[in-house]
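With PDB, N, CA and C atoms, pLDDT in the B column inside, this is target.pdb:
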```
ATOM      1  N   MET A  21     157.656 143.345  47.319  1.00 80.00           N
ATOM      2  CA  MET A  21     158.319 142.696  48.432  1.00 80.00           C
ATOM      3  C   MET A  21     159.077 141.493  47.880  1.00 80.00           C
ATOM      4  N   ASN A  22     160.360 141.426  48.190  1.00 87.00           N
ATOM      5  CA  ASN A  22     161.155 140.312  47.674  1.00 87.00           C
ATOM      6  C   ASN A  22     161.002 139.071  48.561  1.00 87.00           C
ATOM      7  N   VAL A  23     161.617 137.992  48.121  1.00 92.00           N
ATOM      8  CA  VAL A  23     161.479 136.698  48.803  1.00 92.00           C
ATOM      9  C   VAL A  23     162.028 136.764  50.229  1.00 92.00           C
ATOM     10  N   ASP A  24     163.151 137.439  50.429  1.00 90.00           N
ATOM     11  CA  ASP A  24     163.734 137.539  51.767  1.00 90.00           C
ATOM     12  C   ASP A  24     162.805 138.291  52.720  1.00 90.00           C
ATOM     13  N   ASP A  25     162.170 139.346  52.217  1.00 91.00           N
ATOM     14  CA  ASP A  25     161.235 140.100  53.046  1.00 91.00           C
ATOM     15  C   ASP A  25     160.018 139.252  53.408  1.00 91.00           C
ATOM     16  N   ARG A  26     159.535 138.486  52.444  1.00 95.00           N
ATOM     17  CA  ARG A  26     158.387 137.607  52.716  1.00 95.00           C
ATOM     18  C   ARG A  26     158.745 136.543  53.756  1.00 95.00           C
ATOM     19  N   LEU A  27     159.951 136.011  53.647  1.00 95.00           N
ATOM     20  CA  LEU A  27     160.403 135.025  54.627  1.00 95.00           C
ATOM     21  C   LEU A  27     160.475 135.646  56.011  1.00 95.00           C
ATOM     22  N   LYS A  28     161.029 136.845  56.109  1.00 95.00           N
ATOM     23  CA  LYS A  28     161.133 137.509  57.412  1.00 95.00           C
ATOM     24  C   LYS A  28     159.745 137.859  57.945  1.00 95.00           C
ATOM     25  N   LEU A  29     158.817 138.230  57.069  1.00 96.00           N
ATOM     26  CA  LEU A  29     157.447 138.496  57.509  1.00 96.00           C
ATOM     27  C   LEU A  29     156.818 137.225  58.069  1.00 96.00           C
ATOM     28  N   PHE A  30     157.039 136.096  57.408  1.00 97.00           N
ATOM     29  CA  PHE A  30     156.504 134.831  57.912  1.00 97.00           C
ATOM     30  C   PHE A  30     157.148 134.462  59.243  1.00 97.00           C
ATOM     31  N   GLN A  31     158.448 134.685  59.374  1.00 96.00           N
ATOM     32  CA  GLN A  31     159.126 134.429  60.645  1.00 96.00           C
ATOM     33  C   GLN A  31     158.587 135.340  61.743  1.00 96.00           C
ATOM     34  N   SER A  32     158.273 136.567  61.396  1.00 96.00           N
ATOM     35  CA  SER A  32     157.676 137.494  62.361  1.00 96.00           C
ATOM     36  C   SER A  32     156.309 136.992  62.803  1.00 96.00           C
ATOM     37  N   ALA A  33     155.533 136.450  61.866  1.00 97.00           N
ATOM     38  CA  ALA A  33     154.217 135.898  62.202  1.00 97.00           C
ATOM     39  C   ALA A  33     154.355 134.688  63.122  1.00 97.00           C
ATOM     40  N   ILE A  34     155.331 133.846  62.847  1.00 97.00           N
ATOM     41  CA  ILE A  34     155.567 132.681  63.710  1.00 97.00           C
ATOM     42  C   ILE A  34     155.938 133.139  65.115  1.00 97.00           C
ATOM     43  N   SER A  35     156.795 134.133  65.199  1.00 95.00           N
ATOM     44  CA  SER A  35     157.248 134.638  66.492  1.00 95.00           C
ATOM     45  C   SER A  35     156.124 135.329  67.264  1.00 95.00           C
ATOM     46  N   ALA A  36     155.331 136.130  66.569  1.00 95.00           N
ATOM     47  CA  ALA A  36     154.310 136.939  67.241  1.00 95.00           C
ATOM     48  C   ALA A  36     153.020 136.168  67.515  1.00 95.00           C
ATOM     49  N   ALA A  37     152.705 135.202  66.667  1.00 93.00           N
ATOM     50  CA  ALA A  37     151.402 134.535  66.779  1.00 93.00           C
ATOM     51  C   ALA A  37     151.502 133.049  66.444  1.00 93.00           C
ATOM     52  N   PRO A  38     152.160 132.266  67.292  1.00 93.00           N
ATOM     53  CA  PRO A  38     152.247 130.837  67.003  1.00 93.00           C
ATOM     54  C   PRO A  38     150.852 130.210  66.951  1.00 93.00           C
ATOM     55  N   GLY A  39     150.621 129.435  65.922  1.00 93.00           N
ATOM     56  CA  GLY A  39     149.313 128.818  65.718  1.00 93.00           C
ATOM     57  C   GLY A  39     148.426 129.613  64.781  1.00 93.00           C
ATOM     58  N   LEU A  40     148.711 130.891  64.638  1.00 95.00           N
ATOM     59  CA  LEU A  40     147.947 131.754  63.737  1.00 95.00           C
ATOM     60  C   LEU A  40     148.811 132.275  62.598  1.00 95.00           C
ATOM     61  N   GLU A  41     150.025 131.773  62.492  1.00 95.00           N
ATOM     62  CA  GLU A  41     150.961 132.348  61.542  1.00 95.00           C
ATOM     63  C   GLU A  41     150.494 132.272  60.086  1.00 95.00           C
ATOM     64  N   LEU A  42     149.887 131.165  59.686  1.00 95.00           N
ATOM     65  CA  LEU A  42     149.451 131.053  58.294  1.00 95.00           C
ATOM     66  C   LEU A  42     148.321 132.017  57.939  1.00 95.00           C
ATOM     67  N   PRO A  43     147.234 132.081  58.723  1.00 96.00           N
ATOM     68  CA  PRO A  43     146.195 133.042  58.360  1.00 96.00           C
ATOM     69  C   PRO A  43     146.660 134.499  58.457  1.00 96.00           C
ATOM     70  N   ILE A  44     147.524 134.811  59.397  1.00 97.00           N
ATOM     71  CA  ILE A  44     148.021 136.185  59.512  1.00 97.00           C
ATOM     72  C   ILE A  44     148.921 136.515  58.336  1.00 97.00           C
ATOM     73  N   TYR A  45     149.802 135.610  57.966  1.00 97.00           N
ATOM     74  CA  TYR A  45     150.670 135.827  56.805  1.00 97.00           C
ATOM     75  C   TYR A  45     149.825 136.000  55.543  1.00 97.00           C
ATOM     76  N   GLU A  46     148.849 135.134  55.363  1.00 95.00           N
ATOM     77  CA  GLU A  46     147.957 135.240  54.199  1.00 95.00           C
ATOM     78  C   GLU A  46     147.228 136.582  54.196  1.00 95.00           C
ATOM     79  N   SER A  47     146.761 136.993  55.344  1.00 96.00           N
ATOM     80  CA  SER A  47     146.052 138.260  55.454  1.00 96.00           C
ATOM     81  C   SER A  47     146.943 139.430  55.046  1.00 96.00           C
ATOM     82  N   LEU A  48     148.187 139.405  55.473  1.00 96.00           N
ATOM     83  CA  LEU A  48     149.102 140.503  55.166  1.00 96.00           C
ATOM     84  C   LEU A  48     149.553 140.489  53.705  1.00 96.00           C
ATOM     85  N   ILE A  49     149.849 139.335  53.167  1.00 96.00           N
ATOM     86  CA  ILE A  49     150.354 139.242  51.801  1.00 96.00           C
ATOM     87  C   ILE A  49     149.245 139.474  50.776  1.00 96.00           C
ATOM     88  N   MET A  50     148.084 138.883  51.010  1.00 95.00           N
ATOM     89  CA  MET A  50     147.003 138.958  50.027  1.00 95.00           C
ATOM     90  C   MET A  50     146.059 140.130  50.275  1.00 95.00           C
ATOM     91  N   GLY A  51     146.171 140.761  51.427  1.00 96.00           N
ATOM     92  CA  GLY A  51     145.323 141.908  51.723  1.00 96.00           C
ATOM     93  C   GLY A  51     143.888 141.533  52.046  1.00 96.00           C
ATOM     94  N   VAL A  52     143.701 140.365  52.624  1.00 96.00           N
ATOM     95  CA  VAL A  52     142.354 139.941  53.006  1.00 96.00           C
ATOM     96  C   VAL A  52     142.214 139.998  54.518  1.00 96.00           C
ATOM     97  N   GLY A  53     140.988 140.075  54.969  1.00 96.00           N
ATOM     98  CA  GLY A  53     140.719 140.172  56.391  1.00 96.00           C
ATOM     99  C   GLY A  53     140.241 138.880  57.004  1.00 96.00           C
ATOM    100  N   TYR A  54     139.973 138.943  58.275  1.00 97.00           N
ATOM    101  CA  TYR A  54     139.519 137.796  59.060  1.00 97.00           C
ATOM    102  C   TYR A  54     138.269 137.167  58.456  1.00 97.00           C
ATOM    103  N   ARG A  55     137.282 137.977  58.174  1.00 96.00           N
ATOM    104  CA  ARG A  55     136.005 137.456  57.672  1.00 96.00           C
ATOM    105  C   ARG A  55     136.143 136.818  56.295  1.00 96.00           C
ATOM    106  N   THR A  56     136.995 137.369  55.461  1.00 96.00           N
ATOM    107  CA  THR A  56     137.215 136.774  54.142  1.00 96.00           C
ATOM    108  C   THR A  56     137.854 135.402  54.272  1.00 96.00           C
ATOM    109  N   ILE A  57     138.812 135.268  55.162  1.00 95.00           N
ATOM    110  CA  ILE A  57     139.465 133.977  55.372  1.00 95.00           C
ATOM    111  C   ILE A  57     138.453 132.963  55.912  1.00 95.00           C
ATOM    112  N   ILE A  58     137.609 133.389  56.835  1.00 95.00           N
ATOM    113  CA  ILE A  58     136.578 132.501  57.376  1.00 95.00           C
ATOM    114  C   ILE A  58     135.611 132.074  56.268  1.00 95.00           C
ATOM    115  N   LYS A  59     135.216 133.021  55.399  1.00 96.00           N
ATOM    116  CA  LYS A  59     134.292 132.700  54.297  1.00 96.00           C
ATOM    117  C   LYS A  59     134.893 131.715  53.308  1.00 96.00           C
ATOM    118  N   GLN A  60     136.221 131.688  53.204  1.00 94.00           N
ATOM    119  CA  GLN A  60     136.901 130.741  52.317  1.00 94.00           C
ATOM    120  C   GLN A  60     136.911 129.331  52.896  1.00 94.00           C
ATOM    121  N   GLY A  61     136.366 129.173  54.094  1.00 93.00           N
ATOM    122  CA  GLY A  61     136.276 127.860  54.709  1.00 93.00           C
ATOM    123  C   GLY A  61     137.445 127.492  55.598  1.00 93.00           C
ATOM    124  N   ARG A  62     138.332 128.445  55.850  1.00 92.00           N
ATOM    125  CA  ARG A  62     139.475 128.174  56.720  1.00 92.00           C
ATOM    126  C   ARG A  62     139.095 128.450  58.159  1.00 92.00           C
ATOM    127  N   ASN A  63     139.611 127.654  59.052  1.00 92.00           N
ATOM    128  CA  ASN A  63     139.350 127.826  60.468  1.00 92.00           C
ATOM    129  C   ASN A  63     140.464 128.663  61.087  1.00 92.00           C
ATOM    130  N   ILE A  64     140.078 129.679  61.824  1.00 94.00           N
ATOM    131  CA  ILE A  64     141.049 130.511  62.539  1.00 94.00           C
ATOM    132  C   ILE A  64     140.769 130.328  64.030  1.00 94.00           C
ATOM    133  N   PRO A  65     141.726 129.781  64.770  1.00 93.00           N
ATOM    134  CA  PRO A  65     141.492 129.492  66.185  1.00 93.00           C
ATOM    135  C   PRO A  65     141.633 130.719  67.087  1.00 93.00           C
ATOM    136  N   ALA A  66     140.971 131.805  66.712  1.00 94.00           N
ATOM    137  CA  ALA A  66     141.002 133.030  67.510  1.00 94.00           C
ATOM    138  C   ALA A  66     139.789 133.877  67.144  1.00 94.00           C
ATOM    139  N   LYS A  67     139.391 134.724  68.083  1.00 96.00           N
ATOM    140  CA  LYS A  67     138.318 135.672  67.781  1.00 96.00           C
ATOM    141  C   LYS A  67     138.865 136.759  66.865  1.00 96.00           C
ATOM    142  N   GLU A  68     137.952 137.496  66.246  1.00 96.00           N
ATOM    143  CA  GLU A  68     138.344 138.510  65.279  1.00 96.00           C
ATOM    144  C   GLU A  68     139.247 139.579  65.877  1.00 96.00           C
ATOM    145  N   ASP A  69     138.902 140.088  67.055  1.00 97.00           N
ATOM    146  CA  ASP A  69     139.734 141.139  67.650  1.00 97.00           C
ATOM    147  C   ASP A  69     141.112 140.614  68.053  1.00 97.00           C
ATOM    148  N   ASP A  70     141.190 139.365  68.506  1.00 96.00           N
ATOM    149  CA  ASP A  70     142.488 138.764  68.825  1.00 96.00           C
ATOM    150  C   ASP A  70     143.330 138.580  67.566  1.00 96.00           C
ATOM    151  N   PHE A  71     142.682 138.162  66.479  1.00 97.00           N
ATOM    152  CA  PHE A  71     143.377 137.993  65.202  1.00 97.00           C
ATOM    153  C   PHE A  71     144.051 139.290  64.777  1.00 97.00           C
ATOM    154  N   TYR A  72     143.302 140.392  64.841  1.00 97.00           N
ATOM    155  CA  TYR A  72     143.869 141.677  64.417  1.00 97.00           C
ATOM    156  C   TYR A  72     144.938 142.181  65.388  1.00 97.00           C
ATOM    157  N   ALA A  73     144.820 141.838  66.652  1.00 97.00           N
ATOM    158  CA  ALA A  73     145.868 142.203  67.609  1.00 97.00           C
ATOM    159  C   ALA A  73     147.168 141.464  67.282  1.00 97.00           C
ATOM    160  N   TYR A  74     147.070 140.181  66.971  1.00 97.00           N
ATOM    161  CA  TYR A  74     148.253 139.414  66.589  1.00 97.00           C
ATOM    162  C   TYR A  74     148.809 139.891  65.244  1.00 97.00           C
ATOM    163  N   ARG A  75     147.938 140.316  64.366  1.00 97.00           N
ATOM    164  CA  ARG A  75     148.380 140.866  63.081  1.00 97.00           C
ATOM    165  C   ARG A  75     149.198 142.148  63.303  1.00 97.00           C
ATOM    166  N   ARG A  76     148.712 143.018  64.200  1.00 97.00           N
ATOM    167  CA  ARG A  76     149.459 144.238  64.516  1.00 97.00           C
ATOM    168  C   ARG A  76     150.803 143.912  65.169  1.00 97.00           C
ATOM    169  N   LYS A  77     150.817 142.914  66.038  1.00 97.00           N
ATOM    170  CA  LYS A  77     152.060 142.504  66.690  1.00 97.00           C
ATOM    171  C   LYS A  77     153.058 141.960  65.656  1.00 97.00           C
ATOM    172  N   THR A  78     152.555 141.209  64.687  1.00 97.00           N
ATOM    173  CA  THR A  78     153.406 140.701  63.612  1.00 97.00           C
ATOM    174  C   THR A  78     154.014 141.847  62.825  1.00 97.00           C
ATOM    175  N   LEU A  79     153.194 142.832  62.473  1.00 96.00           N
ATOM    176  CA  LEU A  79     153.700 143.989  61.730  1.00 96.00           C
ATOM    177  C   LEU A  79     154.719 144.782  62.539  1.00 96.00           C
ATOM    178  N   ALA A  80     154.504 144.900  63.838  1.00 96.00           N
ATOM    179  CA  ALA A  80     155.457 145.615  64.697  1.00 96.00           C
ATOM    180  C   ALA A  80     156.791 144.876  64.740  1.00 96.00           C
ATOM    181  N   THR A  81     156.749 143.556  64.831  1.00 96.00           N
ATOM    182  CA  THR A  81     157.976 142.757  64.830  1.00 96.00           C
ATOM    183  C   THR A  81     158.710 142.901  63.504  1.00 96.00           C
ATOM    184  N   PHE A  82     157.965 142.850  62.405  1.00 95.00           N
ATOM    185  CA  PHE A  82     158.556 143.002  61.076  1.00 95.00           C
ATOM    186  C   PHE A  82     159.147 144.401  60.900  1.00 95.00           C
ATOM    187  N   TYR A  83     158.433 145.417  61.341  1.00 95.00           N
ATOM    188  CA  TYR A  83     158.907 146.801  61.264  1.00 95.00           C
ATOM    189  C   TYR A  83     160.205 146.976  62.055  1.00 95.00           C
ATOM    190  N   ASP A  84     160.260 146.390  63.249  1.00 94.00           N
ATOM    191  CA  ASP A  84     161.491 146.467  64.051  1.00 94.00           C
ATOM    192  C   ASP A  84     162.670 145.849  63.310  1.00 94.00           C
ATOM    193  N   TRP A  85     162.439 144.730  62.625  1.00 93.00           N
ATOM    194  CA  TRP A  85     163.493 144.085  61.850  1.00 93.00           C
ATOM    195  C   TRP A  85     163.941 144.988  60.702  1.00 93.00           C
ATOM    196  N   LEU A  86     162.985 145.595  60.008  1.00 92.00           N
ATOM    197  CA  LEU A  86     163.324 146.498  58.908  1.00 92.00           C
ATOM    198  C   LEU A  86     164.166 147.685  59.394  1.00 92.00           C
ATOM    199  N   ARG A  87     163.772 148.264  60.519  1.00 92.00           N
ATOM    200  CA  ARG A  87     164.527 149.388  61.080  1.00 92.00           C
ATOM    201  C   ARG A  87     165.913 148.964  61.527  1.00 92.00           C
ATOM    202  N   LEU A  88     165.996 147.800  62.158  1.00 91.00           N
ATOM    203  CA  LEU A  88     167.270 147.299  62.676  1.00 91.00           C
ATOM    204  C   LEU A  88     168.299 147.125  61.569  1.00 91.00           C
ATOM    205  N   PHE A  89     167.865 146.675  60.413  1.00 86.00           N
ATOM    206  CA  PHE A  89     168.781 146.417  59.312  1.00 86.00           C
ATOM    207  C   PHE A  89     168.781 147.525  58.257  1.00 86.00           C
ATOM    208  N   GLY A  90     168.191 148.673  58.591  1.00 85.00           N
ATOM    209  CA  GLY A  90     168.231 149.813  57.691  1.00 85.00           C
ATOM    210  C   GLY A  90     167.425 149.644  56.434  1.00 85.00           C
ATOM    211  N   ARG A  91     166.398 148.814  56.475  1.00 80.00           N
ATOM    212  CA  ARG A  91     165.587 148.540  55.293  1.00 80.00           C
ATOM    213  C   ARG A  91     164.338 149.392  55.222  1.00 80.00           C
ATOM    214  N   TRP A  92     164.018 150.115  56.304  1.00 78.00           N
ATOM    215  CA  TRP A  92     162.805 150.951  56.337  1.00 78.00           C
ATOM    216  C   TRP A  92     163.087 152.254  55.615  1.00 78.00           C
ATOM    217  N   LYS A  93     162.245 152.580  54.639  1.00 74.00           N
ATOM    218  CA  LYS A  93     162.414 153.817  53.878  1.00 74.00           C
ATOM    219  C   LYS A  93     161.349 154.795  54.306  1.00 74.00           C
ATOM    220  N   ASP A  94     161.759 155.953  54.801  1.00 66.00           N
ATOM    221  CA  ASP A  94     160.795 156.961  55.254  1.00 66.00           C
ATOM    222  C   ASP A  94     160.164 157.684  54.100  1.00 66.00           C
TER     223      ASP A  94
END
```
With the file now loaded, output its structure as C-alpha cells.
Amino acid sequence: MNVDDRLKLFQSAISAAPGLELPIYESLIMGVGYRTIIKQGRNIPAKEDDFYAYRRKTLATFYDWLRLFGRWKD
C-alpha cells in the first residue's frame, strides 16, 4: 500500500469513525485487533462490537473510493 492509499484509508477512518480513527487505522495497517490494542495499554472509547462495526464502515468507505477512482483490482 503506497502513501496515498494510506492517507485515504486514514481519511476514511476519520470520516467513518470520528474519535476512533487512530485505533481503527492502526488495526487495519498493522493487522491487530481490539483486544491487542487494549492489551498494549491504549484506551478505545467503544465496545468491541462497535469497534469492529466502525472498522467495517471504514473499509466500505475506502473500498468505495478505490472503485470510484478505478483503483480496485478484481
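A straight line drawn from atom CA of Gly53 of chain A to atom C of Ser32 of chain A is 17.2 Å long.
Distances to Ala37 of chain A were evaluated for A:Trp92, A:Met21, A:Tyr74, A:Asp84 using all atoms listed in the file, and the minimum falls at A:Tyr74.
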One decimal, Å: what's the distance from atom CA of Ala66 of chain A over to atom CA of Leu40 of chain A, could you say? 8.0 Å
Given all atoms listed in the file as the counted atoms, nearest of A:Arg75, A:Arg87, A:Arg26, A:Lys93 to Ile44 of chain A: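 Looking only at the distances to Ile44 of chain A, the closest residue turns out to be A:Arg75.
Of note, atom CA of Trp85 of chain A and atom CA of Lys67 of chain A are spaced 27.2 Å apart.
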Residues matched by the PyMOL selection byres (((chain A and resi 48 and name CA) around 12) and name CA) as a count of residues only: 28
Going by DSSP on the backbone, which residues of chain A come out as helix (DSSP H, G or I)? List them as a ChimeraX atom specification. /A:23-36,41-50,54-59,68-88
Hey, can I get the axis-aligned box for segment 62-78 of chain A? All listed atoms, 6 Å padding on each side, centre and edge lengths in Å to one decimal, as AutoDock Vina command-line options.
```
--center_x 146.0 --center_y 135.9 --center_z 62.3 --size_x 28.1 --size_y 28.6 --size_z 25.0
```
Given only N, CA and C atoms as the basis, pick out the residue of A:Arg55, A:Thr81, A:Gly90, A:Pro65 nearest to Gln31 of chain A.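 So, comparing all the options, the nearest one is A:Thr81.
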